[in-house]
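Contents: one structure, followed by commentary.
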Amino acid sequence: MKRRKIDVRAIPAKSAGALDDRFQAATPLRSLLNKVFPDHWSFLLGEIALFSFIVLLLTGTFLTFFYEPSLQTVTYDGSYTPLRGTHMSAAYASSLDLSFDVRGGLIMRQMHHWAALTFMAAIVVHMFRIFFTGAFRKPRETNWIIGSLLFWIGFLAGFTGYSLPDDALSGTGLRIASAIMLSIPVIGSWVTTSIFDGEFPGHVIMGRFYIAHVLLIPGILLALIAVHVGLVFKQKHTQWPGPGRTEHNVVGERMFPRYAIKQGGFFMIVFGVIALMGGLFQINPIWLFGPYEAFTVSAASQPDWYVMFLDGSTRLFPAWEIRFDLFGWGDGYTIPPIFWPTVVLPGVLTMLPLAYPFIEARLTKDKKAHNLLQRPRDVPARTALGAMAIMFWLVLTLSGGNDVIADKFHISLNAMTWAGRIGLLILPPIAYYVTYRICLGLQQHDREVLAHGVETGIIKRLPDGRFIEVHQPLAPVDEHGHGELDYAGWVVPKKMNRLGALGPAIKGFFYPIEKPAEAPVSPGHPPVSPIEPARREEISK
Amino acid sequence: MTSDSPGWLGRLRRGRSGPRSRVRRRVGSVVRLTLALTLAGGVYIVFAPGLAGAKDTPQLSTAAEEGKALFNQSCITCHGPNAQGVEGRGPSLIGVGAASVEFQVGTGRMPMARQEAQAERKPPVFTDEQTRQLAQYIQELGGGPQVPSGDLRAPESDEEAIARGGNLFRINCSSCHAFGGGGGALSSGKYAPGLGEATDQQIYAAMLTGPQNMPVFGDNQLTPEQKKEIISYIQEALKQDRDPGGWGLGRFGPVTEGLAIFLVGIVALVFASLWIAGKS
Ligand code: HEM
């Protein structure tokens, strides 16, 4: 029999063809792989959240192999001697075993916790970028809402996770959570007894929180993230305005291979940073906190940073108790002070951002779809509003740690509290004003450069003795030497080398990585496109 | 008492400002204490006539005599002759005991340099020997709690002593000194210091005498054995804990962890994204 020759090089094409015959995958796959993504560092912030979520799933799965969600009392006899013989819950004992007796357990615990902090931090930073660039405008309001929900669900994920080890810190947090729930008028006690199945702490809470933490919440997160990223694909990414970029195209890199390779690399960097933090920085040393008992509350008992603003609001809010007499019936009714800073405030803080895209569209009467981003300076009111919100949150968060700050910087705790109260009222408006002025100043400078050109650093002495600085105009000038460029909201070159006059800046982070190629294009007028294509055209570099 | 006197007293009270009344309370308690001591001393003298005469000019041991000399040099301006106290400067030291003096002088808190919210720990001015002499003087002057001599740790044979001490520490001490013994803020600029430098003896004395804003943990609240267990926990577990998870971030809890995620984690990742996005 004649040996059939196998053409090795034809195997991939052949098998791919065979697969396509069966699944008809080529067409959708091609459009996926050819998808174009604009390239800008700030578009990578969402990915940090996505990748740290993956790290959370991986490390969390490891932890589930050893963690025991039970409040059964056991006597510890693991290898951490200072707790040996102590009575504690099985949950706490298994967390201690994870830290001391499971190989690699401690770094996994620490990576999981650092990844959680990274996840929440990345969401917040990502949200800032979406807000300040106006990426939430039509048609992306849905993704903005999903994003905000992701924050609050991440918040719940963090809180339930923080409660699982059942050390004194997490027990204190749980106790406060139950007090917050109890403070809700009318339904408070019902909510609390249903969650704890009776009085705090009860016996079921660990099992319930465990299921919520490892199954329900990650499931919801996963689903929401899928929709979130799916929508980014469907609606295509926004892009910065600039030469050749319009509302109707996307300029960037194709999904495959460039973008995919970059993303793969970026995932490894995120993983690496989290692993480094997990290995180098100790986080949540549960063995020092000891098992939870109702009467142990350590100084410096704080929640994780993304909850700290609520701690802060509780510390700052005056102890106003509202009593209703109920016409002499029973003991009357009381709304405890904790209700306002921990239930009403977060309620407002959830609803306002959700509605923000619609509020802004209404105020600006802007019903158009936007695919081009705005530079923060070009929308001073929004940018200032954002700065104001960040300042508000910052004061609350710092006040959440005010006892530690007071102690370490030798400030009176009472002074810190009053500084927080006053700061909460006056700092946000100041932040608004200052940011507004900075935006206008930056705009003004852009306009100046558009009109007069870039400063060259060359000082010329005129025959009459005056000194002037020579400016390099960006475009042909009129008889007064003024440029004719309109303000288009684009990046305006401010340095000679950005113009090509001195040669482009050499690329590279620490050392030159590329030969200087062509200079970045200097701006002209935004091209006008009379026809409006129904779909955004994809242009890759 | 005449019917007048309550009104007179009331007027006097109202006339006094807030802080003065604290001093008054202190002086009041000093007066009461002195009275009680005198009474007790009197009763003692009645029943032990052999010691009569020792009350007014107590016979001091040589060490106490040395201590008295030191006292009259460094402490008398604030604590007064015979440690009776000076109003507005320093309280009476009658009855505070050797434990209090050893703590206050041994940690460098006394002699106090200036009036402040809280006398701070600083390098001690006196040697151990001189401290003991001062303590002996105050002890012989008015009695009071003393730190027992000998080993102040729980016996090493008792394996679970440290665990019990840890439990007692978390219940009794961590609310002010924090879970890691790093200290914490109290109200109005007062604070519980970190326990990093405290010696066995100072920890014992602190519990026994309750300096300033720290409560007294008398022997009926924490037995001497329990105190020793706490000391063993602080010295052998807390201070020997080498932070198995890496750098402990000062053991300030979630506050510094939150700081670290932004200053280290997010900063590193934003730089990484700047770098990656710049590549083409
Ligand atoms: C679990 C957390 C989150 C993950 C994994 C995630 C992931 C992503 C990714 C990968 C993108 C595409 C690239 C980018 O623009 O960064 C994106 C886009 C977007 N995200 Fe998120 N994100 C999260 C949370 C949020 C939050 C908290 C918000 C705002 C409240 C938000 C709003 C948006 C919007 C509006 C877009 C579209 C941006 C555009 O097309 O320019 N996301 N997200």
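Following the order of the structure tokens, chains are lettered A, B, ..., residues in each are numbered from 1, and ligands are numbered from 1.
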### Within-6 Å residues of ligand 1, basis only C-alpha atoms and all ligand atoms, as a list in words
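With only C-alpha atoms and all ligand atoms and a cut-off of 6 Å, ligand 1 is contacted by Phe43, Leu44, Leu45, Gly46, Glu47, Ala49, Leu50, Ile123, Val124, Met127, Ile130, Ala135, Phe136, Arg140, Asn143, Trp144, Gly147, Ser148, Leu150, Phe151, Ile225, Val229, Val232, His237 and Thr238 of chain A.
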Let me see the file: selected residues, N, CA and C atoms, as a compact mmCIF listing (two decimals), in the first residue's frame.
```
# COMPACT_ATOMS: atom_id res chain seq x y z
N PHE A 43 -8.11 53.39 29.12
CA PHE A 43 -9.08 52.37 28.75
C PHE A 43 -8.72 51.01 29.36
N LEU A 44 -7.58 50.96 30.04
CA LEU A 44 -7.14 49.68 30.62
C LEU A 44 -7.55 49.56 32.08
N LEU A 45 -8.15 50.61 32.64
CA LEU A 45 -8.48 50.55 34.06
C LEU A 45 -9.58 49.53 34.33
N GLY A 46 -10.55 49.44 33.42
CA GLY A 46 -11.60 48.43 33.58
C GLY A 46 -11.02 47.03 33.56
N GLU A 47 -9.98 46.86 32.73
CA GLU A 47 -9.35 45.54 32.67
C GLU A 47 -8.71 45.16 34.00
N ALA A 49 -9.86 45.73 36.85
CA ALA A 49 -10.96 45.15 37.63
C ALA A 49 -11.27 43.74 37.13
N LEU A 50 -11.37 43.60 35.82
CA LEU A 50 -11.70 42.29 35.25
C LEU A 50 -10.66 41.25 35.64
N ILE A 123 -12.36 49.30 40.16
CA ILE A 123 -13.71 49.71 39.76
C ILE A 123 -13.87 51.20 39.97
N VAL A 124 -13.42 51.67 41.14
CA VAL A 124 -13.62 53.09 41.45
C VAL A 124 -12.80 53.96 40.49
N MET A 127 -14.35 53.93 37.17
CA MET A 127 -15.56 54.75 37.18
C MET A 127 -15.20 56.23 37.05
N ILE A 130 -14.59 56.89 33.45
CA ILE A 130 -15.84 56.93 32.69
C ILE A 130 -16.54 58.26 32.93
N ALA A 135 -17.94 59.13 29.14
CA ALA A 135 -18.20 57.88 28.42
C ALA A 135 -19.54 57.27 28.80
N PHE A 136 -20.19 57.85 29.81
CA PHE A 136 -21.47 57.29 30.26
C PHE A 136 -22.65 57.82 29.45
N ARG A 140 -24.40 54.72 26.24
CA ARG A 140 -23.77 53.82 27.21
C ARG A 140 -24.33 53.93 28.62
N ASN A 143 -24.47 50.63 30.52
CA ASN A 143 -23.22 50.12 31.06
C ASN A 143 -22.80 50.90 32.30
N TRP A 144 -23.15 52.15 32.33
CA TRP A 144 -22.86 52.96 33.53
C TRP A 144 -23.65 52.40 34.71
N GLY A 147 -22.22 49.16 35.77
CA GLY A 147 -20.97 49.42 36.49
C GLY A 147 -21.23 49.82 37.93
N SER A 148 -22.18 50.72 38.14
CA SER A 148 -22.47 51.15 39.51
C SER A 148 -22.97 49.97 40.34
N LEU A 150 -22.16 46.95 39.84
CA LEU A 150 -20.99 46.11 40.10
C LEU A 150 -20.27 46.59 41.36
N PHE A 151 -20.20 47.92 41.52
CA PHE A 151 -19.54 48.42 42.73
C PHE A 151 -20.26 47.93 43.97
N ILE A 225 -20.71 41.27 34.67
CA ILE A 225 -19.49 41.61 33.94
C ILE A 225 -19.61 41.15 32.49
N VAL A 229 -19.14 43.75 29.51
CA VAL A 229 -18.11 43.65 28.47
C VAL A 229 -18.78 43.38 27.12
N VAL A 232 -19.76 46.56 25.71
CA VAL A 232 -18.64 47.31 25.16
C VAL A 232 -18.34 46.82 23.75
N HIS A 237 -16.01 50.57 21.51
CA HIS A 237 -15.42 51.43 22.54
C HIS A 237 -15.46 52.89 22.12
N THR A 238 -15.52 53.74 23.12
CA THR A 238 -15.39 55.17 22.83
C THR A 238 -13.95 55.47 22.47
```
### Query
stretch 229-278 of chain B: which residues are alpha helix (DSSP H) by DSSP, as a list in words?
Glu229, Ile230, Ile231, Ser232, Pro254, Val255, Thr256, Glu257, Gly258, Leu259, Ala260, Val267, Ala268, Leu269, Val270, Phe271, Ala272, Ser273, Leu274, Trp275, Ile276, Ala277 and Gly278 of chain B
With C-alpha atoms kept, could you save the residues just selected as a PDB file, in the first residue's frame?
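New file out_28.pdb:
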```
ATOM      1  CA  GLU B 229      -0.249  35.319  81.590  1.00  0.00           C
ATOM      2  CA  ILE B 230      -0.991  38.652  79.953  1.00  0.00           C
ATOM      3  CA  ILE B 231       2.674  39.633  80.264  1.00  0.00           C
ATOM      4  CA  SER B 232       3.730  36.342  78.715  1.00  0.00           C
ATOM      5  CA  PRO B 254      -7.464  48.029  57.343  1.00  0.00           C
ATOM      6  CA  VAL B 255      -6.473  51.708  57.345  1.00  0.00           C
ATOM      7  CA  THR B 256      -2.937  51.085  56.164  1.00  0.00           C
ATOM      8  CA  GLU B 257      -4.087  48.194  53.983  1.00  0.00           C
ATOM      9  CA  GLY B 258      -6.372  50.588  52.133  1.00  0.00           C
ATOM     10  CA  LEU B 259      -3.524  53.053  51.815  1.00  0.00           C
ATOM     11  CA  ALA B 260      -1.250  50.322  50.463  1.00  0.00           C
ATOM     12  CA  VAL B 267      -0.008  53.067  41.279  1.00  0.00           C
ATOM     13  CA  ALA B 268       1.941  50.057  39.968  1.00  0.00           C
ATOM     14  CA  LEU B 269      -0.938  48.975  37.760  1.00  0.00           C
ATOM     15  CA  VAL B 270      -1.575  52.444  36.359  1.00  0.00           C
ATOM     16  CA  PHE B 271       2.095  52.671  35.454  1.00  0.00           C
ATOM     17  CA  ALA B 272       1.813  49.255  33.853  1.00  0.00           C
ATOM     18  CA  SER B 273      -1.149  50.383  31.788  1.00  0.00           C
ATOM     19  CA  LEU B 274       0.680  53.545  30.753  1.00  0.00           C
ATOM     20  CA  TRP B 275       3.534  51.369  29.644  1.00  0.00           C
ATOM     21  CA  ILE B 276       1.449  48.780  27.830  1.00  0.00           C
ATOM     22  CA  ALA B 277      -0.774  51.329  26.112  1.00  0.00           C
ATOM     23  CA  GLY B 278       2.292  53.178  24.882  1.00  0.00           C
TER      24      GLY B 278
END
```
### Message
What are the residues of chain A lining chain B at 6 Å or less? Count only C-alpha atoms, and put the answer as an MDAnalysis selection string.
### Response
chainID A and resid 40:41 82:83 280:282 289 296:299 302 304:305 403 407 411:414
### Task
For A:Phe200, list every protein, DNA or RNA residue within 9 Å, evaluated using only C-alpha atoms, and leave out those in the same chain fewer than 4 positions away; present the list as a list in words.
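Within the cut-off, the hits are Leu174, Arg175, Ser178, Thr192, Thr193, Phe196 and Ile205 of chain A.
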### Task
Please identify all polymer residues within 10 Å of A:His113, counting only C-alpha atoms, omitting same-chain residues fewer than 3 positions from it, and present them as a list in words.
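These residues fall inside the cut-off: Leu56, Thr59, Gly60, Ile107, Met108, Arg109, Gln110, Ala116, Leu117, Thr118, Phe119, Gly158, Gly161, Tyr162, Ile274, Met277, Gly278, Ile283, Asn284 and Asp304 of chain A; Glu257 of chain B.
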### Task
Determine, counting only C-alpha atoms, which protein, DNA and RNA residues have an atom within 8 Å of an atom of stretch 258-265 of chain A; residues of the same chain fewer than 4 positions away are not included. Present the result as a list in words.
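Those residues are Phe37, Glu253, Arg254 and Ile269 of chain A; Ile276 of chain B.
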Could the residues in this selection be saved with N, CA, C and O atoms as a PDB file, in the first residue's frame?
```
ATOM      1  N   PHE A  37      -9.936  48.082  18.793  1.00  0.00           N
ATOM      2  CA  PHE A  37      -9.996  48.750  20.095  1.00  0.00           C
ATOM      3  C   PHE A  37      -9.106  49.977  20.088  1.00  0.00           C
ATOM      4  O   PHE A  37      -7.939  49.877  19.737  1.00  0.00           O
ATOM      5  N   GLU A 253      -6.449  49.265  17.442  1.00  0.00           N
ATOM      6  CA  GLU A 253      -5.779  48.024  17.084  1.00  0.00           C
ATOM      7  C   GLU A 253      -6.796  46.912  16.963  1.00  0.00           C
ATOM      8  O   GLU A 253      -7.787  46.893  17.674  1.00  0.00           O
ATOM      9  N   ARG A 254      -6.495  45.964  16.079  1.00  0.00           N
ATOM     10  CA  ARG A 254      -7.389  44.821  15.932  1.00  0.00           C
ATOM     11  C   ARG A 254      -7.286  43.935  17.168  1.00  0.00           C
ATOM     12  O   ARG A 254      -6.252  43.856  17.812  1.00  0.00           O
ATOM     13  N   ILE A 269       0.570  40.947  34.350  1.00  0.00           N
ATOM     14  CA  ILE A 269       1.080  42.005  35.228  1.00  0.00           C
ATOM     15  C   ILE A 269       0.167  42.177  36.443  1.00  0.00           C
ATOM     16  O   ILE A 269       0.629  42.255  37.585  1.00  0.00           O
TER      17      ILE A 269
ATOM     18  N   ILE B 276       1.989  49.696  28.836  1.00  0.00           N
ATOM     19  CA  ILE B 276       1.449  48.780  27.830  1.00  0.00           C
ATOM     20  C   ILE B 276       0.713  49.544  26.740  1.00  0.00           C
ATOM     21  O   ILE B 276       0.827  49.238  25.557  1.00  0.00           O
TER      22      ILE B 276
END
```
I'd like the contact shell of B:Ile138 - 9 Å cut-off, only C-alpha atoms, skipping same-chain residues fewer than 4 positions apart - returned as a PDB file with all heavy atoms, in the first residue's frame.
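selection.pdb was written with the following content:
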```pdb
ATOM      1  N   ALA B  64      15.390  54.304 101.407  1.00  0.00           N
ATOM      2  CA  ALA B  64      14.339  55.309 101.357  1.00  0.00           C
ATOM      3  C   ALA B  64      14.899  56.694 101.633  1.00  0.00           C
ATOM      4  O   ALA B  64      14.454  57.682 101.046  1.00  0.00           O
ATOM      5  CB  ALA B  64      13.242  54.954 102.353  1.00  0.00           C
ATOM      6  N   GLY B  67      16.235  57.850  98.559  1.00  0.00           N
ATOM      7  CA  GLY B  67      15.100  58.192  97.703  1.00  0.00           C
ATOM      8  C   GLY B  67      14.547  59.545  98.083  1.00  0.00           C
ATOM      9  O   GLY B  67      14.210  60.360  97.222  1.00  0.00           O
ATOM     10  N   LYS B  68      14.477  59.775  99.408  1.00  0.00           N
ATOM     11  CA  LYS B  68      13.926  61.056  99.857  1.00  0.00           C
ATOM     12  C   LYS B  68      14.779  62.215  99.347  1.00  0.00           C
ATOM     13  O   LYS B  68      14.250  63.229  98.887  1.00  0.00           O
ATOM     14  CB  LYS B  68      13.858  61.075 101.380  1.00  0.00           C
ATOM     15  CG  LYS B  68      13.231  62.342 101.909  1.00  0.00           C
ATOM     16  CD  LYS B  68      13.043  62.297 103.400  1.00  0.00           C
ATOM     17  CE  LYS B  68      12.322  63.559 103.830  1.00  0.00           C
ATOM     18  NZ  LYS B  68      12.065  63.585 105.260  1.00  0.00           N
ATOM     19  N   ASN B  82       7.194  65.848 101.548  1.00  0.00           N
ATOM     20  CA  ASN B  82       6.622  64.584 102.002  1.00  0.00           C
ATOM     21  C   ASN B  82       5.577  64.036 101.034  1.00  0.00           C
ATOM     22  O   ASN B  82       4.650  63.349 101.422  1.00  0.00           O
ATOM     23  CB  ASN B  82       6.006  64.726 103.398  1.00  0.00           C
ATOM     24  CG  ASN B  82       7.088  64.947 104.421  1.00  0.00           C
ATOM     25  OD1 ASN B  82       8.187  64.394 104.288  1.00  0.00           O
ATOM     26  ND2 ASN B  82       6.803  65.771 105.412  1.00  0.00           N
ATOM     27  N   ALA B  83       5.721  64.394  99.757  1.00  0.00           N
ATOM     28  CA  ALA B  83       4.840  63.886  98.705  1.00  0.00           C
ATOM     29  C   ALA B  83       3.375  64.144  98.996  1.00  0.00           C
ATOM     30  O   ALA B  83       2.510  63.345  98.645  1.00  0.00           O
ATOM     31  CB  ALA B  83       5.091  62.392  98.464  1.00  0.00           C
ATOM     32  N   LEU B  93       1.342  61.703  96.494  1.00  0.00           N
ATOM     33  CA  LEU B  93       1.791  60.349  96.172  1.00  0.00           C
ATOM     34  C   LEU B  93       1.606  59.400  97.346  1.00  0.00           C
ATOM     35  O   LEU B  93       2.119  58.284  97.328  1.00  0.00           O
ATOM     36  CB  LEU B  93       3.262  60.377  95.744  1.00  0.00           C
ATOM     37  CG  LEU B  93       3.569  61.219  94.502  1.00  0.00           C
ATOM     38  CD1 LEU B  93       5.035  61.094  94.135  1.00  0.00           C
ATOM     39  CD2 LEU B  93       2.698  60.822  93.329  1.00  0.00           C
ATOM     40  N   ILE B  94       0.868  59.866  98.355  1.00  0.00           N
ATOM     41  CA  ILE B  94       0.645  59.003  99.505  1.00  0.00           C
ATOM     42  C   ILE B  94      -0.253  57.846  99.094  1.00  0.00           C
ATOM     43  O   ILE B  94      -1.350  58.054  98.580  1.00  0.00           O
ATOM     44  CB  ILE B  94      -0.037  59.795 100.651  1.00  0.00           C
ATOM     45  CG1 ILE B  94       0.799  61.010 101.031  1.00  0.00           C
ATOM     46  CG2 ILE B  94      -0.275  58.889 101.857  1.00  0.00           C
ATOM     47  CD1 ILE B  94       2.174  60.678 101.548  1.00  0.00           C
ATOM     48  N   GLY B  95       0.242  56.659  99.250  1.00  0.00           N
ATOM     49  CA  GLY B  95      -0.587  55.496  98.962  1.00  0.00           C
ATOM     50  C   GLY B  95      -0.526  55.013  97.525  1.00  0.00           C
ATOM     51  O   GLY B  95      -1.179  54.049  97.184  1.00  0.00           O
ATOM     52  N   VAL B  96       0.221  55.702  96.648  1.00  0.00           N
ATOM     53  CA  VAL B  96       0.284  55.206  95.272  1.00  0.00           C
ATOM     54  C   VAL B  96       1.196  53.986  95.170  1.00  0.00           C
ATOM     55  O   VAL B  96       1.079  53.197  94.236  1.00  0.00           O
ATOM     56  CB  VAL B  96       0.753  56.279  94.269  1.00  0.00           C
ATOM     57  CG1 VAL B  96      -0.150  57.487  94.306  1.00  0.00           C
ATOM     58  CG2 VAL B  96       2.203  56.673  94.513  1.00  0.00           C
ATOM     59  N   GLY B  97       2.087  53.854  96.124  1.00  0.00           N
ATOM     60  CA  GLY B  97       2.888  52.643  96.177  1.00  0.00           C
ATOM     61  C   GLY B  97       4.121  52.661  95.308  1.00  0.00           C
ATOM     62  O   GLY B  97       4.273  53.483  94.415  1.00  0.00           O
ATOM     63  N   ALA B  98       5.004  51.708  95.593  1.00  0.00           N
ATOM     64  CA  ALA B  98       6.251  51.596  94.847  1.00  0.00           C
ATOM     65  C   ALA B  98       5.983  51.274  93.391  1.00  0.00           C
ATOM     66  O   ALA B  98       6.696  51.726  92.494  1.00  0.00           O
ATOM     67  CB  ALA B  98       7.128  50.510  95.468  1.00  0.00           C
ATOM     68  N   VAL B 101       5.525  54.436  91.358  1.00  0.00           N
ATOM     69  CA  VAL B 101       6.761  55.186  91.171  1.00  0.00           C
ATOM     70  C   VAL B 101       7.667  54.469  90.181  1.00  0.00           C
ATOM     71  O   VAL B 101       8.240  55.080  89.274  1.00  0.00           O
ATOM     72  CB  VAL B 101       7.484  55.372  92.518  1.00  0.00           C
ATOM     73  CG1 VAL B 101       8.804  56.116  92.316  1.00  0.00           C
ATOM     74  CG2 VAL B 101       6.591  56.119  93.487  1.00  0.00           C
ATOM     75  N   GLN B 133      15.126  53.381  94.865  1.00  0.00           N
ATOM     76  CA  GLN B 133      15.193  54.179  96.099  1.00  0.00           C
ATOM     77  C   GLN B 133      13.999  55.117  96.221  1.00  0.00           C
ATOM     78  O   GLN B 133      13.373  55.231  97.271  1.00  0.00           O
ATOM     79  CB  GLN B 133      16.501  54.971  96.127  1.00  0.00           C
ATOM     80  CG  GLN B 133      17.714  54.078  96.321  1.00  0.00           C
ATOM     81  CD  GLN B 133      19.008  54.782  95.982  1.00  0.00           C
ATOM     82  OE1 GLN B 133      19.011  55.859  95.390  1.00  0.00           O
ATOM     83  NE2 GLN B 133      20.124  54.166  96.353  1.00  0.00           N
ATOM     84  N   LEU B 134      13.667  55.786  95.098  1.00  0.00           N
ATOM     85  CA  LEU B 134      12.491  56.657  95.098  1.00  0.00           C
ATOM     86  C   LEU B 134      11.241  55.853  95.463  1.00  0.00           C
ATOM     87  O   LEU B 134      10.405  56.280  96.269  1.00  0.00           O
ATOM     88  CB  LEU B 134      12.310  57.283  93.719  1.00  0.00           C
ATOM     89  CG  LEU B 134      13.105  58.547  93.423  1.00  0.00           C
ATOM     90  CD1 LEU B 134      13.086  58.859  91.945  1.00  0.00           C
ATOM     91  CD2 LEU B 134      12.531  59.708  94.216  1.00  0.00           C
ATOM     92  N   GLY B 142       3.754  56.014 102.435  1.00  0.00           N
ATOM     93  CA  GLY B 142       2.295  55.858 102.492  1.00  0.00           C
ATOM     94  C   GLY B 142       1.782  54.484 102.110  1.00  0.00           C
ATOM     95  O   GLY B 142       0.587  54.266 102.035  1.00  0.00           O
ATOM     96  N   GLY B 143       2.686  53.538 101.847  1.00  0.00           N
ATOM     97  CA  GLY B 143       2.229  52.208 101.452  1.00  0.00           C
ATOM     98  C   GLY B 143       1.626  52.222 100.062  1.00  0.00           C
ATOM     99  O   GLY B 143       1.693  53.216  99.349  1.00  0.00           O
ATOM    100  N   GLY B 144       0.994  51.106  99.722  1.00  0.00           N
ATOM    101  CA  GLY B 144       0.358  51.012  98.407  1.00  0.00           C
ATOM    102  C   GLY B 144       0.826  49.791  97.659  1.00  0.00           C
ATOM    103  O   GLY B 144       1.622  49.001  98.170  1.00  0.00           O
TER     104      GLY B 144
END
```
#### Entry: Nearest to B:Ser100, chosen from B:Gly85, B:Gly150, B:Pro145, B:Gly194, with only C-alpha atoms counted in the distances
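Among B:Gly85, B:Gly150, B:Pro145, B:Gly194, it is B:Pro145 that comes nearest to B:Ser100.
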### Task
Mind giving me the straight-line distance from atom CA of A:Ser52 to atom CA of A:Phe271 in Å, one decimal?
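Spanning atom CA of A:Ser52 to atom CA of A:Phe271 is a straight-line distance of 7.1 Å.
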### DSSP-assigned strand (DSSP E or B) among stretch 65-157 of chain A, expressed as a ChimeraX atom specification
/A:73-75,87-89
### Query
Please, what distance in Å, to one decimal, runs between atom CA of A:Pro303 and atom CA of A:Leu345?
17.2 Å
### Contacts of A:Val251 at 8 Å (only C-alpha atoms; same-chain gap of 4+ positions) as a list in words
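My list of contacting residues is Val36, Phe37, Pro38, Gln239, Gly244, Arg245, Glu538, Ile539, Ser540 and Lys541 of chain A.
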### Query
Closest to B:Asp200 among B:Glu156, B:Glu102, B:Glu140, B:Glu120, using only C-alpha atoms?
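Selected residue with least distance to B:Asp200: B:Glu102.
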### Task
Find the residue from A:Pro291, A:Pro318, A:Pro69, A:Gly312 that sits nearest to A:Val214; use only C-alpha atoms when measuring.
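Closest to A:Val214, using only C-alpha atoms: A:Pro69.
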### Query
If you measure from atom CA of B:Gln226 to atom CA of B:Met207, what distance in Å do you get, rounded to one decimal?
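One can read the atom CA of B:Gln226 to atom CA of B:Met207 distance as 10.9 Å.
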